[in-house]
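In what follows, a structure is listed as structure tokens, so that the remarks can point back to it.
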Amino acid sequence: MEPKEYQIKTLNRVKQYLDLLYQWRQKALANPGLKINFPLNAWDEIDSRYRPYSSRHDGLKRPLPCFCLKIPTGGGKTFLAVKTIDLINTVYRKDRTGLVLWVVPSTQIYNQTIRSLRNRDHPYRQHLDIASAGRTLIREKGDLFSPLDVCENLVVLMLMLPSANRKTKEVLRMFKDSSGFAEFFPPEDNLEANAKLLEKVPNLDTFEKQSAFWGKQVKSSLGNTLRLLNPVIILDEGQKAYSETAQETLKGFNPSIIVEMSATPPDASNKLVDITGIELNREEMIKFDLHIFNKANPDWRETILEAHNHLEMLKGKAREYQANTGKYIRPICLIQVERTGKEQRKSGLIHSEDVREHLINIVGLQPEEVAVKTSEKDELKEVDDVGGLMSENCRIRYIITKQALQEGWDCAFAYVLSILTRPGSKTALTQLVGRILRQPFAKKTGVKELDESYVFCYQQKGAELLEEIRKGFRGEGLGDLQGRILMDDQTGQEQHEEIIAQVRENFKKAADQVILPVFAIRDDSGWRKVNYDIDIASQIPWDNADLTKLNSINLSMLEEKDIEQVATLSEDQREVIKLKQSELLKAGALHLDPVFLARHLLDIVPNPWIAHEFGKTALNKFLTKFDNTIVINNFVFIIEELRKHLASEKDRLAEKVFRDMISQDKMHFLVVANTIGYKLPKRKKSPSPWLTKVTNAPLERSLFDYVPADEFNETERRVAWYLDDQNKLLFWYRNVPREDYGVQGWRSHRVFADFIFTDTDSNGNGFNRVFVVETKGLHLKDADRTKYTTKLFDLCNERARETTLTELGLKFPSKQISFIVVAEDEWQSRFNALFAS
């Protein structure tokens with residue numbers, strides 16, 4: 001499961017903060033008298049320029065680190081959560097075992113999350129397993145666990161948000177005495193030990209008041225156990241836990257750190273990362289554009305028919321896609337009705353059974369193609385037996401609901417939303433919009449219809465409907481994509497949400513003279529663009545992979561992870577529970593498993609047999625140098641190092657394959673008339689709002705007369721403003737990732753530059769040079785992807801100089817193409833030099 005670029009950016013930022021957090025916590029521990037607020041100090045060092053930090057304290061009044069990852073719907077919050085747990089344990093806690101309290105807001109999210117985490121073949125569980133060396137325990141609120149479990153394993157305890165509210169019956173039961181957790185507490189008759197524990201952790205629940213005959217006695221409850229273990233708290237949909245009661249309860253668990261995951265965090269949250277909808281769309285995570293069909297006909301059956309016809313069209317496209325790629329998609333329509341209850345079926349209100357009967361009896365569907373999902377009836381449960389909604393064995397194509405799918409429900413095959421609530425109905429549709437946005441396989445299909453989403457409704461007031469949809473987008477953390485909503489309104493109300501932008505008249509001739517080159521291969525049928533899987537990945541000579549660098553890796557001689565155990569109370573007030581050596585460890589808790597190792601190499605080395613051989617070779621290297629026990633104790637470290645090394649080797653070998661094809665004259669960087677190369681578009685859809693200058697004056701040198709403002713982040717917006725003011729520039733063009741010009745190199749992803757622009761010639765109407773420019777934020781300046789892009793662009797410059805002008809597609813001589821990578825802190829000086837020369 002290869003992370004997307006915004007996910008890499010997120011995890012890099014989390015690691016950066018955790019590094020600072022660890023450093024400041026060490027200073028605080030070394031100087032207790034200074035009462036250092038180490039989370040605040042770490043935050044000021046990383047983020048003081050952008051947003052203030054809201055300090056928190058746990059139930060013992062100690063500083064409590066708490067930060068939020070703002071990730072829109074469809075952005076992979078669960079994946080980021082498991083990777084963040086790994087970073088917390090390795091960078092901040094320096095311990096791969098312990099307790100994680102994973103709090104979710106609804107039954108739907110609870111069931112989906114725990115099902116993924118319990119499935120050892122699911123990527124989420126595999127990431128947890130590699131973080132814990134295969135020692136992951138998933139527990140629910142009713143399950144028991146022991147001190148030994150927490151000492152030897154990474155224990156993930158799933159909890160519903162209502163259970164995190166101290167005043168509910170659920171939490172009262174949670175703090176009820178239970179013999180199942182007695183091992184964590186002193187014996188009932190040891191009054192001195194109970195008193196010492198309360199002195200260390202005064203917010204524990206007790207049976208008696210201090211003045212009672214036996215004194216206070218600590219309850220051996222789950223709630224008290226959490227307070228002793230200082231869990232890492234993962235708070236899914238964190239915005240729903242901001243009531244005073246919920247906050248006090250969570251902080252009262254004395255956590256070591258709280259991580260909030262939210263698409264719409266409140267102002268009080270400490271937003272460490274803020275991912276936009278644009279970033280998700282660029283990484284092909286969501287289906288965009290969103291099309292809204294507002295039917296004028298007052299009969300809801302006509303709306304159903306239109307939605308059905310559209311779904312049939314998508315069904316045909318999906319079959320063609322499967323025939324060409326082997327990937328299965330079954331487009332699904334969600335239908336929102338007004339009533340679902342048994343006693344609510346009456347004239348004038350659209351009921352789920354009315355719609356079901358219409359679909360089966362009139363439209364002609366089979367009964368097994370229609371399911372109802374309500375609070376009373378959940379027919380989707382039945383599909384779990386055949387592998388879930390995305391299984392080829394499932395036949396469901398229509399799901400009827402009122403509000404039961406509004407939160408947490410997830411199926412990437414949902415393409416169409418049909419809204420059958422009458423005009424003026426108060427039934428909310430905002431959250432249902434998010435249910436049809438997730439892109440199958442987190443990758444665009446290349447089939448336009450299968451890469452977009454659709455809403456059908458009838459007789460809605462256009463402006464009000466659009467605002468409702470926008471509310472839905474804001475509620476999913478996708479507010480920056482509101483302009484990508486396309487209206488097909490038959491109610492007679494004018495909409496001004498999108499126009500077709502045209503190339504400016506004075507740039508048409510010059511723009512037509514630029515066709516940008518790509519790497520291409522000549523085969524029996526002629527020239528074709530290079531294909532990573534066919535031409536590069538399949539040719540990587542894994543036999544030439546060099547593993548000798550593994551010989552220089554030293555393993556730790558410590559065996560801490562295998563000998564730690566909760567044994568007794570610590571005299572150190574800050575430590576609470578003391579860990580010491582023990583011989584009570586479970587035998588075989590960790591062992592050398594080449595299959596386990598190979599499974600974690602498959603995203604780098606796709607062939608399982610080759611991956612298995614690499615794993616065996618690496619283990620044998622270490623076993624010849626180190627004792628078996630030492631190698632076992634370092635197994636996770638070995639996996640991580642082998643992954644890093646093989647990724648580096650894959651990059652080295654793939655680059656050699658790529659460059660050899662060039663040197664052997666099998667691949668060229670060129671344009672072939674009418675078939676190979678990128679030509680600037682003549683028109684584009686341009687949703688509002690549109691970019692203007694800083695002064696709000698219209699742009700003058702943009703290739704198109706209207707440029708969507710939503711396509712720019714802050715750095716890119718500043719670059720655009722700068723370019724538009726340059727007298728020596730003819731025109732500039734915002735190159736949109738995944739849509740426009742991209743260069744395929746020796747890695748799987750194409751590199752999409754941010755801008756294409758030209759200078760002016762002596763006459764002012766033409767140009768001499770074309771610049772293809774990629775901008776990088778400071779946090780990515782020295783990142784691996786930036787180094788790769790720079791290396792690839794250097795090769796492009798080298799090949800462009802050696803290629804004839806005719807091959808490059810420029811229709812008159814003396815033109816030059818330059819590929820440039822600039823960082824956020826240097827782009828202006830670099831551009832000044834370009835335009836000065």
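Each chain of the structure tokens is named A, B, ... in the order shown, its residues numbered from 1; ligands are numbered from 1 in display order.
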
Long-range neighbours of segment 449-457 of chain A as a list in words, 8 Å cut-off, only C-alpha atoms, 6 positions minimum in chain: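 The residues that qualify are Ile286, Lys287, Phe288, Asp289, Leu290, His291, Ile292, Phe293, Asn294, Lys295, Thr303, Glu306, Ala307, Leu314, Lys317, Ala318, Tyr415, Val416, Leu417, Ser418, Ile419, Leu420, Ile436, Leu437 and Gln439 of chain A.
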
Taking 3 positions as the minimum chain separation for residues in the same chain, which residues sit within 9 Å of Phe752 of chain A when counting only C-alpha atoms? Answer as an MDAnalysis selection string. chainID A and resid 735:743 774

Please produce an output containing N, CA, C and O atoms for each residue in the selection, written as a CSV table (one decimal), in the first residue's frame.
```
chain,number,residue,atom,x,y,z
A,735,ASN,N,-0.4,24.1,-14.9
A,735,ASN,CA,-0.4,22.7,-15.3
A,735,ASN,C,-1.0,21.8,-14.2
A,735,ASN,O,-0.5,21.7,-13.1
A,736,VAL,N,-2.2,21.3,-14.5
A,736,VAL,CA,-3.0,20.6,-13.5
A,736,VAL,C,-2.5,19.1,-13.4
A,736,VAL,O,-2.6,18.4,-14.4
A,737,PRO,N,-2.1,18.7,-12.2
A,737,PRO,CA,-1.7,17.3,-12.0
A,737,PRO,C,-2.8,16.3,-12.4
A,737,PRO,O,-4.0,16.6,-12.2
A,738,ARG,N,-2.4,15.2,-13.0
A,738,ARG,CA,-3.3,14.1,-13.4
A,738,ARG,C,-4.1,14.4,-14.7
A,738,ARG,O,-4.7,13.5,-15.2
A,739,GLU,N,-4.1,15.7,-15.1
A,739,GLU,CA,-4.9,16.1,-16.2
A,739,GLU,C,-4.0,16.6,-17.4
A,739,GLU,O,-4.3,16.3,-18.5
A,740,ASP,N,-2.9,17.3,-17.1
A,740,ASP,CA,-2.1,17.9,-18.1
A,740,ASP,C,-0.8,17.2,-18.3
A,740,ASP,O,-0.7,16.0,-18.2
A,741,TYR,N,0.2,18.0,-18.6
A,741,TYR,CA,1.5,17.5,-19.0
A,741,TYR,C,2.3,16.8,-17.8
A,741,TYR,O,2.5,17.4,-16.7
A,742,GLY,N,2.7,15.5,-18.0
A,742,GLY,CA,3.4,14.8,-17.0
A,742,GLY,C,4.5,14.0,-17.6
A,742,GLY,O,4.4,13.6,-18.8
A,743,VAL,N,5.6,13.9,-16.9
A,743,VAL,CA,6.8,13.2,-17.5
A,743,VAL,C,6.9,11.8,-16.7
A,743,VAL,O,7.0,11.8,-15.5
A,774,GLU,N,8.4,23.1,-11.6
A,774,GLU,CA,7.8,22.4,-10.4
A,774,GLU,C,8.2,23.1,-9.2
A,774,GLU,O,9.4,23.4,-8.9
```

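Atom CA of Ala42 of chain A is found 8.7 Å from atom CA of Asp19 of chain A.
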
Quick one: DSSP alpha helix (DSSP H) residues in segment 54-290 of chain A, as an NGL selection string? :A and (77-87 or 107-118 or 123-132 or 147-152 or 169-174 or 191-200 or 222-229 or 244-252 or 277-282)

Could you tell me how far atom CA of Ala753 of chain A sits from atom CA of Gln539 of chain A, in Å to one decimal place?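 Atom-to-atom, atom CA of Gln539 of chain A and atom CA of Ala753 of chain A are spaced 26.9 Å apart.
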
Hey, which of A:Gly75, A:Pro255, A:Gly434, A:Gly364 ends up closest to Leu334 of chain A? Count only C-alpha atoms.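 Closest residue, counting only C-alpha atoms: A:Gly434.
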